[in-house]
Every structure is written in C-alpha cells, then in structure tokens.
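**Student:** I'd like to ask you about the structure that follows.
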Amino acid sequence: MAEYLTIASPASAKFTEKMSRFLGFAYPADTVEEAKALMAELQREYCDARHVCWAWVIGVDNPETYSTDNGEPSGTAGRPILGQINSRGLRNVVVGVVRYFGGIKLGTPGLIAAYKLAAAMALDEAQIIERKEMTELEVVFTYVNMNHVMQIVKQSAAEIKEREFDNTCRLRLLLPLSDVTELQTRLTPYATVNDA
C-alpha cells in the first residue's frame, strides 16, 4: 500500500451519557513511541478522570494495533475505539477517550456504545487526508557526477534531508515509496542507492 488515509491534525469531541462525561481525542502518530507519548500526556492531563482508554493503528502495510480498556470491563472500551479507526481504514492514528464517571452505571452495552460514539465523534471532527507512504534513501556518488545526480533528484518528488559534498558525496532523500524504483533506475549510472 503506497497511499493510506490518516488524519491531518488532532481533533476532539465530547458528550454526556447518564451523567458520565466522555471526551474523545484523535491524533496523528507515525510511530508507536509517538502514540505512547500522546496517551501518557492525555493520562497526565486528565489524571482526575476515572478512565482514560485508547487504541491505535500504527504502520501501513502490516500495521501494529493496540487497545486498552484501562479499568473498564474487558472489551467495552479499547475494542470499540479500535473498531472506529479500522472502520474508516485509517493508519497512523491514535484515539483516546476520557471518562468522568457520573454515578450511574451504563452496563456493558452502554459502555461499548459510549466509547464507540466518543471515538467516532472525535474522528468525525478530524480532517481525513490521503498520504503517501514515505521512505528514505541514501545516494552516494562522486563529485564528478554531482550535476547528473542533482538534476535527477530535482526532477523527482524526493526531498533532500541531508547533503554532504566532498570527494565522495552523499544525499539522504525522503520520497514516496511508490517512486523508489524509478529514481533508483535513473540514478544507477551515476550513483549507488541504498536504504537509509
């Protein structure tokens, strides 16, 4: 999968069900570490809440998924949140739902519906965008071939992340995964191309 759907920026929504307040938050996240940091921050910010539950889908072709009920009955929070991410076909997204208990128990079906709705409302507020899966390449070439290499790179969709010009020159490029083969083919007469 070279292209995928994700969200452009953080989004949130809230509602009340039988005096319990539910706050839904959706964030873009490119790595599991980033997703964990976002949820740790959400837990710190809402440390007075009864429950902070979440789920994420990180990665494109073989995504890593995770969900937690964080003290709610098993399967009543994390799974419904994850279901909302998956039902929209989103990748690199983390959704958290904060619950302030209002004194009236919702029961298993009520909890499932509430967490599902909070996640759905947060994702409804997010701008869903299409992104290309990106990769990094290292291009190594001699100074003599610099003009050829730079001309080819400028004609491509690659972004130069690092450059080093000496007797042996190096570029670190960020480009759409779908463009790698063509760029490698064009650069091969002038440079060595490796995964960064």
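By order in the structure tokens, chains are A, B, ...; within a chain, residues start at 1; ligands start at 1, following the order shown.
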Quick one: which region 68-183 of chain A residues come within 12 Å of region 5-11 of chain A, and what is the nearest atom pair for each with the distance in Å to one decimal, counting only C-alpha atoms, rows ordered by chain and ascending number, as a Markdown table?
**Tutor:**
```
| residue | atom | partner | partner_atom | distance |
| --- | --- | --- | --- | --- |
| A:Ile85 | CA | A:Thr6 | CA | 9.5 |
| A:Asn86 | CA | A:Leu5 | CA | 10.7 |
| A:Ser87 | CA | A:Leu5 | CA | 11.6 |
| A:Arg88 | CA | A:Leu5 | CA | 8.4 |
| A:Gly89 | CA | A:Leu5 | CA | 6.7 |
| A:Leu90 | CA | A:Leu5 | CA | 5.0 |
| A:Arg91 | CA | A:Thr6 | CA | 5.3 |
| A:Asn92 | CA | A:Thr6 | CA | 6.2 |
| A:Val93 | CA | A:Thr6 | CA | 6.4 |
| A:Val94 | CA | A:Pro10 | CA | 9.6 |
| A:Val95 | CA | A:Ala11 | CA | 9.4 |
| A:Gly96 | CA | A:Ala11 | CA | 10.7 |
| A:Val97 | CA | A:Ala11 | CA | 11.9 |
| A:Ala118 | CA | A:Ala11 | CA | 11.6 |
| A:Ala119 | CA | A:Ala11 | CA | 10.4 |
| A:Ala120 | CA | A:Ala11 | CA | 11.0 |
| A:Met121 | CA | A:Ala11 | CA | 9.3 |
| A:Ala122 | CA | A:Ala11 | CA | 5.8 |
| A:Leu123 | CA | A:Ala11 | CA | 7.0 |
| A:Asp124 | CA | A:Ala11 | CA | 8.5 |
| A:Glu125 | CA | A:Ala11 | CA | 5.7 |
| A:Ala126 | CA | A:Ala11 | CA | 5.1 |
| A:Gln127 | CA | A:Ile7 | CA | 5.5 |
| A:Ile128 | CA | A:Ile7 | CA | 4.5 |
| A:Ile129 | CA | A:Thr6 | CA | 5.6 |
| A:Glu130 | CA | A:Leu5 | CA | 4.6 |
| A:Arg131 | CA | A:Leu5 | CA | 6.2 |
| A:Lys132 | CA | A:Leu5 | CA | 8.8 |
| A:Glu133 | CA | A:Leu5 | CA | 10.1 |
```
**Student:** Suppose we keep N, CA and C atoms; can you now write the selection as a short mmCIF file (atom, residue, chain, number, x, y, z; two decimals), in the first residue's frame?
**Tutor:**
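What ended up in out16.cif:
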```cif
data_model
loop_
_atom_site.label_atom_id
_atom_site.label_comp_id
_atom_site.auth_asym_id
_atom_site.auth_seq_id
_atom_site.Cartn_x
_atom_site.Cartn_y
_atom_site.Cartn_z
N ILE A 85 -11.44 3.29 14.32
CA ILE A 85 -10.26 3.58 13.50
C ILE A 85 -10.26 2.65 12.28
N ASN A 86 -10.47 1.36 12.53
CA ASN A 86 -10.44 0.37 11.45
C ASN A 86 -11.58 0.54 10.47
N SER A 87 -12.77 0.90 10.96
CA SER A 87 -13.92 1.02 10.06
C SER A 87 -13.74 2.15 9.04
N ARG A 88 -12.87 3.09 9.36
CA ARG A 88 -12.59 4.19 8.44
C ARG A 88 -11.34 3.93 7.60
N GLY A 89 -10.68 2.81 7.87
CA GLY A 89 -9.48 2.46 7.11
C GLY A 89 -8.31 3.38 7.39
N LEU A 90 -8.22 3.90 8.61
CA LEU A 90 -7.17 4.85 8.95
C LEU A 90 -5.89 4.16 9.41
N ARG A 91 -4.77 4.81 9.15
CA ARG A 91 -3.46 4.35 9.60
C ARG A 91 -2.77 5.51 10.30
N ASN A 92 -1.81 5.17 11.15
CA ASN A 92 -1.02 6.16 11.89
C ASN A 92 -1.92 7.13 12.65
N VAL A 93 -2.85 6.53 13.41
CA VAL A 93 -3.82 7.29 14.19
C VAL A 93 -3.92 6.67 15.59
N VAL A 94 -4.03 7.53 16.59
CA VAL A 94 -4.29 7.09 17.96
C VAL A 94 -5.52 7.85 18.45
N VAL A 95 -6.43 7.13 19.09
CA VAL A 95 -7.65 7.74 19.63
C VAL A 95 -7.74 7.40 21.11
N GLY A 96 -7.94 8.43 21.92
CA GLY A 96 -8.12 8.25 23.35
C GLY A 96 -9.49 8.75 23.77
N VAL A 97 -10.09 8.08 24.75
CA VAL A 97 -11.37 8.52 25.30
C VAL A 97 -11.25 8.61 26.82
N ALA A 118 -17.84 8.20 21.31
CA ALA A 118 -16.81 9.21 21.60
C ALA A 118 -15.68 9.15 20.57
N ALA A 119 -15.25 7.93 20.23
CA ALA A 119 -14.20 7.77 19.21
C ALA A 119 -14.70 8.26 17.85
N ALA A 120 -15.91 7.88 17.50
CA ALA A 120 -16.48 8.29 16.20
C ALA A 120 -16.61 9.80 16.12
N MET A 121 -17.07 10.43 17.19
CA MET A 121 -17.24 11.88 17.19
C MET A 121 -15.89 12.60 17.03
N ALA A 122 -14.85 12.11 17.73
CA ALA A 122 -13.52 12.72 17.59
C ALA A 122 -13.01 12.56 16.16
N LEU A 123 -13.18 11.38 15.58
CA LEU A 123 -12.72 11.15 14.21
C LEU A 123 -13.56 11.94 13.20
N ASP A 124 -14.83 12.15 13.50
CA ASP A 124 -15.68 12.98 12.63
C ASP A 124 -15.19 14.42 12.59
N GLU A 125 -14.59 14.87 13.70
CA GLU A 125 -14.07 16.24 13.76
C GLU A 125 -12.73 16.38 13.04
N ALA A 126 -12.06 15.26 12.81
CA ALA A 126 -10.73 15.28 12.19
C ALA A 126 -10.85 15.41 10.67
N GLN A 127 -9.86 16.06 10.09
CA GLN A 127 -9.79 16.12 8.63
C GLN A 127 -9.04 14.87 8.16
N ILE A 128 -9.74 14.01 7.41
CA ILE A 128 -9.10 12.80 6.90
C ILE A 128 -8.42 13.13 5.59
N ILE A 129 -7.15 12.75 5.50
CA ILE A 129 -6.36 13.05 4.31
C ILE A 129 -5.70 11.79 3.79
N GLU A 130 -5.31 11.84 2.55
CA GLU A 130 -4.57 10.73 1.94
C GLU A 130 -3.10 11.08 1.95
N ARG A 131 -2.29 10.15 2.41
CA ARG A 131 -0.84 10.35 2.44
C ARG A 131 -0.17 9.24 1.66
N LYS A 132 1.00 9.53 1.19
CA LYS A 132 1.82 8.51 0.53
C LYS A 132 2.78 7.94 1.56
N GLU A 133 2.97 6.63 1.48
CA GLU A 133 3.96 6.00 2.37
C GLU A 133 5.33 6.46 1.91
#
```
**Student:** So that I can check the surroundings of Tyr66 (chain A), please list as a tab-separated table (two decimals) with N, CA and C atoms, in the first residue's frame every protein, DNA and RNA residue that reaches within 10 Å of it, counting only C-alpha atoms and ignoring chain neighbours fewer than 2 positions away.
**Tutor:**
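Final output, saved to around09.tsv:
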```
chain	number	residue	atom	x	y	z
A	32	VAL	N	4.87	4.01	17.18
A	32	VAL	CA	4.30	3.53	18.44
A	32	VAL	C	4.79	4.40	19.59
A	54	TRP	N	-7.77	3.87	25.24
A	54	TRP	CA	-7.31	4.27	23.91
A	54	TRP	C	-7.05	3.07	23.02
A	55	ALA	N	-6.80	3.42	21.75
A	55	ALA	CA	-6.42	2.43	20.74
A	55	ALA	C	-5.61	3.14	19.67
A	56	TRP	N	-4.78	2.36	18.98
A	56	TRP	CA	-4.05	2.94	17.85
A	56	TRP	C	-3.86	1.93	16.75
A	57	VAL	N	-3.62	2.47	15.55
A	57	VAL	CA	-3.20	1.69	14.39
A	57	VAL	C	-2.01	2.44	13.82
A	58	ILE	N	-0.83	1.83	13.94
A	58	ILE	CA	0.42	2.47	13.50
A	58	ILE	C	1.07	1.59	12.44
A	63	PRO	N	0.13	-3.03	9.83
A	63	PRO	CA	0.03	-2.09	10.95
A	63	PRO	C	0.03	-2.79	12.31
A	64	GLU	N	0.60	-2.09	13.28
A	64	GLU	CA	0.56	-2.56	14.65
A	64	GLU	C	-0.67	-1.93	15.30
A	68	THR	N	-6.67	-0.62	24.81
A	68	THR	CA	-6.73	-0.90	26.24
A	68	THR	C	-8.06	-0.41	26.82
A	78	GLY	N	-11.53	-0.23	24.72
A	78	GLY	CA	-10.47	-0.25	23.70
A	78	GLY	C	-10.91	-0.82	22.37
A	79	ARG	N	-11.62	-1.94	22.42
A	79	ARG	CA	-12.05	-2.58	21.17
A	79	ARG	C	-13.02	-1.70	20.37
A	82	LEU	N	-10.89	1.03	18.77
A	82	LEU	CA	-10.12	0.48	17.66
A	82	LEU	C	-11.03	0.20	16.46
A	94	VAL	N	-4.03	7.53	16.59
A	94	VAL	CA	-4.29	7.09	17.96
A	94	VAL	C	-5.52	7.85	18.45
```
**Student:** What parts of region 34-118 of chain A does DSSP call helix (DSSP H, G or I)? I'd like the answer as an MDAnalysis selection string.
**Tutor:** chainID A and resid 34:45 78:87 107:118
**Student:** Find the residue from A:Tyr4, A:Phe15, A:Tyr27, A:Tyr100 that sits nearest to Cys47 (chain A); use only C-alpha atoms when measuring.
**Tutor:** A:Tyr100
**Student:** Which one of A:Leu177, A:Ala113, A:Val153, A:Cys169 sits closest to Thr135 (chain A) if you count only C-alpha atoms?
**Tutor:**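 Of the candidates, the smallest distance to Thr135 (chain A) is held by A:Leu177.
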**Student:** Of the candidates A:His51, A:Arg163, A:Lys18, A:Arg170, which one gets nearest to Arg99 (chain A) if we count only C-alpha atoms?
**Tutor:** A:His51
**Student:** Report, in Å to a single decimal, how far apart CA of Ser67 (chain A) and CA of Ala37 (chain A) are.
**Tutor:**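 Between these atoms lies a distance of 14.8 Å.
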**Student:** Residues at most 10 Å from region 146-151 of chain A, counting only C-alpha atoms, excluding those fewer than 5 positions away in the same chain, as a short mmCIF file (atom, residue, chain, number, x, y, z; two decimals) with C-alpha atoms, in the first residue's frame?
**Tutor:**
```cif
data_model
loop_
_atom_site.label_atom_id
_atom_site.label_comp_id
_atom_site.auth_asym_id
_atom_site.auth_seq_id
_atom_site.Cartn_x
_atom_site.Cartn_y
_atom_site.Cartn_z
CA VAL A 139 22.61 8.23 -2.50
CA VAL A 140 26.42 8.03 -2.72
CA PHE A 141 28.23 9.43 -5.74
CA SER A 156 11.73 13.70 -8.73
CA PHE A 165 29.58 17.27 -0.77
CA THR A 168 32.55 11.25 -2.12
CA CYS A 169 29.16 12.94 -1.94
CA ARG A 170 26.08 11.75 -0.05
CA LEU A 171 22.41 12.67 -0.05
CA ARG A 186 17.59 6.78 -13.15
CA LEU A 187 20.39 7.24 -10.59
CA THR A 188 22.15 3.88 -11.05
CA PRO A 189 24.51 5.04 -13.84
CA TYR A 190 25.80 7.85 -11.62
CA ALA A 191 25.42 6.74 -8.00
#
```
**Student:** A:Leu106, A:Ala49, A:Met39, A:Ala158: which is nearest Met134 (chain A), counting only C-alpha atoms?
**Tutor:**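 When distances to Met134 (chain A) are compared using only C-alpha atoms, the smallest one comes from A:Ala158.
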**Student:** List every residue of region 112-149 of chain A that DSSP, applied to the backbone, labels as strand (DSSP E), and write the result as a PyMOL selection string.
**Tutor:** chain A and resi 128-132+134-142
**Student:** Contacts of Asp48 (chain A) at 12 Å or less, counting only C-alpha atoms, minus same-chain residues fewer than 2 places along, as a list in words?
**Tutor:**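 The neighbour list is Leu42, Gln43, Arg44, Glu45, Tyr46, Arg50, His51, Val52, Val98, Arg99, Tyr100 and Phe101 of chain A.
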**Student:** Distance CA of Ile112 (chain A)-CA of Pro80 (chain A), one decimal place?
**Tutor:**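 These atoms are spaced 6.1 Å apart.
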**Student:** CA of Gln155 (chain A) to CA of Thr192 (chain A): how many Å, to one decimal?
**Tutor:**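 Between these atoms lies a distance of 18.0 Å.
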**Student:** So that I can check the surroundings of Asp69 (chain A), please list as an NGL selection string every protein, DNA and RNA residue that reaches within 8 Å of it, counting only C-alpha atoms and ignoring chain neighbours fewer than 3 positions away.
**Tutor:** :A and (53-54 or 72-79)
**Student:** Just want the 8 Å neighbourhood of Leu173 (chain A), counted on only C-alpha atoms, with same-chain residues fewer than 6 positions away dropped. Output as a PyMOL selection string.
**Tutor:** chain A and resi 136-139+158-162
**Student:** Output all heavy atoms of each residue in that selection to a file, as a PDB file, in the first residue's frame.
**Tutor:**
```
ATOM      1  N   GLU A 136      13.201   6.488   3.131  1.00  0.00           N
ATOM      2  CA  GLU A 136      14.438   7.253   2.988  1.00  0.00           C
ATOM      3  C   GLU A 136      15.456   6.437   2.205  1.00  0.00           C
ATOM      4  O   GLU A 136      15.545   5.217   2.362  1.00  0.00           O
ATOM      5  CB  GLU A 136      15.018   7.624   4.352  1.00  0.00           C
ATOM      6  CG  GLU A 136      14.193   8.657   5.073  1.00  0.00           C
ATOM      7  CD  GLU A 136      14.863   9.184   6.330  1.00  0.00           C
ATOM      8  OE1 GLU A 136      15.995   8.749   6.653  1.00  0.00           O
ATOM      9  OE2 GLU A 136      14.254  10.041   6.984  1.00  0.00           O
ATOM     10  N   LEU A 137      16.207   7.133   1.359  1.00  0.00           N
ATOM     11  CA  LEU A 137      17.285   6.521   0.590  1.00  0.00           C
ATOM     12  C   LEU A 137      18.562   7.310   0.805  1.00  0.00           C
ATOM     13  O   LEU A 137      18.519   8.529   0.994  1.00  0.00           O
ATOM     14  CB  LEU A 137      16.969   6.533  -0.908  1.00  0.00           C
ATOM     15  CG  LEU A 137      15.825   5.680  -1.420  1.00  0.00           C
ATOM     16  CD1 LEU A 137      15.676   5.864  -2.925  1.00  0.00           C
ATOM     17  CD2 LEU A 137      16.044   4.216  -1.091  1.00  0.00           C
ATOM     18  N   GLU A 138      19.685   6.594   0.752  1.00  0.00           N
ATOM     19  CA  GLU A 138      20.987   7.251   0.773  1.00  0.00           C
ATOM     20  C   GLU A 138      21.584   7.107  -0.625  1.00  0.00           C
ATOM     21  O   GLU A 138      21.620   6.009  -1.183  1.00  0.00           O
ATOM     22  CB  GLU A 138      21.912   6.595   1.802  1.00  0.00           C
ATOM     23  CG  GLU A 138      23.260   7.288   1.850  1.00  0.00           C
ATOM     24  CD  GLU A 138      24.254   6.583   2.758  1.00  0.00           C
ATOM     25  OE1 GLU A 138      24.483   5.376   2.566  1.00  0.00           O
ATOM     26  OE2 GLU A 138      24.805   7.257   3.643  1.00  0.00           O
ATOM     27  N   VAL A 139      22.018   8.215  -1.167  1.00  0.00           N
ATOM     28  CA  VAL A 139      22.613   8.229  -2.503  1.00  0.00           C
ATOM     29  C   VAL A 139      24.074   8.629  -2.344  1.00  0.00           C
ATOM     30  O   VAL A 139      24.379   9.682  -1.777  1.00  0.00           O
ATOM     31  CB  VAL A 139      21.876   9.232  -3.432  1.00  0.00           C
ATOM     32  CG1 VAL A 139      22.486   9.219  -4.821  1.00  0.00           C
ATOM     33  CG2 VAL A 139      20.391   8.912  -3.481  1.00  0.00           C
ATOM     34  N   ALA A 158      11.434  13.644  -4.568  1.00  0.00           N
ATOM     35  CA  ALA A 158      12.267  13.448  -3.377  1.00  0.00           C
ATOM     36  C   ALA A 158      12.585  14.777  -2.700  1.00  0.00           C
ATOM     37  O   ALA A 158      12.775  15.799  -3.352  1.00  0.00           O
ATOM     38  CB  ALA A 158      13.559  12.731  -3.748  1.00  0.00           C
ATOM     39  N   GLU A 159      12.647  14.714  -1.374  1.00  0.00           N
ATOM     40  CA  GLU A 159      13.053  15.858  -0.561  1.00  0.00           C
ATOM     41  C   GLU A 159      14.434  15.538  -0.001  1.00  0.00           C
ATOM     42  O   GLU A 159      14.659  14.458   0.546  1.00  0.00           O
ATOM     43  CB  GLU A 159      12.053  16.045   0.577  1.00  0.00           C
ATOM     44  CG  GLU A 159      12.421  17.131   1.547  1.00  0.00           C
ATOM     45  CD  GLU A 159      11.503  17.173   2.758  1.00  0.00           C
ATOM     46  OE1 GLU A 159      10.401  16.591   2.722  1.00  0.00           O
ATOM     47  OE2 GLU A 159      11.918  17.779   3.768  1.00  0.00           O
ATOM     48  N   ILE A 160      15.359  16.475  -0.153  1.00  0.00           N
ATOM     49  CA  ILE A 160      16.712  16.274   0.376  1.00  0.00           C
ATOM     50  C   ILE A 160      16.698  16.583   1.870  1.00  0.00           C
ATOM     51  O   ILE A 160      16.396  17.698   2.282  1.00  0.00           O
ATOM     52  CB  ILE A 160      17.737  17.165  -0.360  1.00  0.00           C
ATOM     53  CG1 ILE A 160      17.773  16.814  -1.852  1.00  0.00           C
ATOM     54  CG2 ILE A 160      19.119  17.021   0.283  1.00  0.00           C
ATOM     55  CD1 ILE A 160      18.619  17.740  -2.697  1.00  0.00           C
ATOM     56  N   LYS A 161      17.000  15.555   2.687  1.00  0.00           N
ATOM     57  CA  LYS A 161      17.016  15.718   4.146  1.00  0.00           C
ATOM     58  C   LYS A 161      18.413  16.071   4.651  1.00  0.00           C
ATOM     59  O   LYS A 161      18.552  16.799   5.614  1.00  0.00           O
ATOM     60  CB  LYS A 161      16.533  14.431   4.835  1.00  0.00           C
ATOM     61  CG  LYS A 161      15.119  14.019   4.453  1.00  0.00           C
ATOM     62  CD  LYS A 161      14.099  15.061   4.807  1.00  0.00           C
ATOM     63  CE  LYS A 161      13.730  14.990   6.257  1.00  0.00           C
ATOM     64  NZ  LYS A 161      12.659  15.917   6.623  1.00  0.00           N
ATOM     65  N   GLU A 162      19.432  15.496   4.021  1.00  0.00           N
ATOM     66  CA  GLU A 162      20.821  15.796   4.386  1.00  0.00           C
ATOM     67  C   GLU A 162      21.653  15.766   3.125  1.00  0.00           C
ATOM     68  O   GLU A 162      21.350  15.025   2.190  1.00  0.00           O
ATOM     69  CB  GLU A 162      21.377  14.741   5.355  1.00  0.00           C
ATOM     70  CG  GLU A 162      20.799  14.783   6.734  1.00  0.00           C
ATOM     71  CD  GLU A 162      21.367  13.677   7.624  1.00  0.00           C
ATOM     72  OE1 GLU A 162      22.411  13.072   7.286  1.00  0.00           O
ATOM     73  OE2 GLU A 162      20.745  13.403   8.664  1.00  0.00           O
TER      74      GLU A 162
END
```
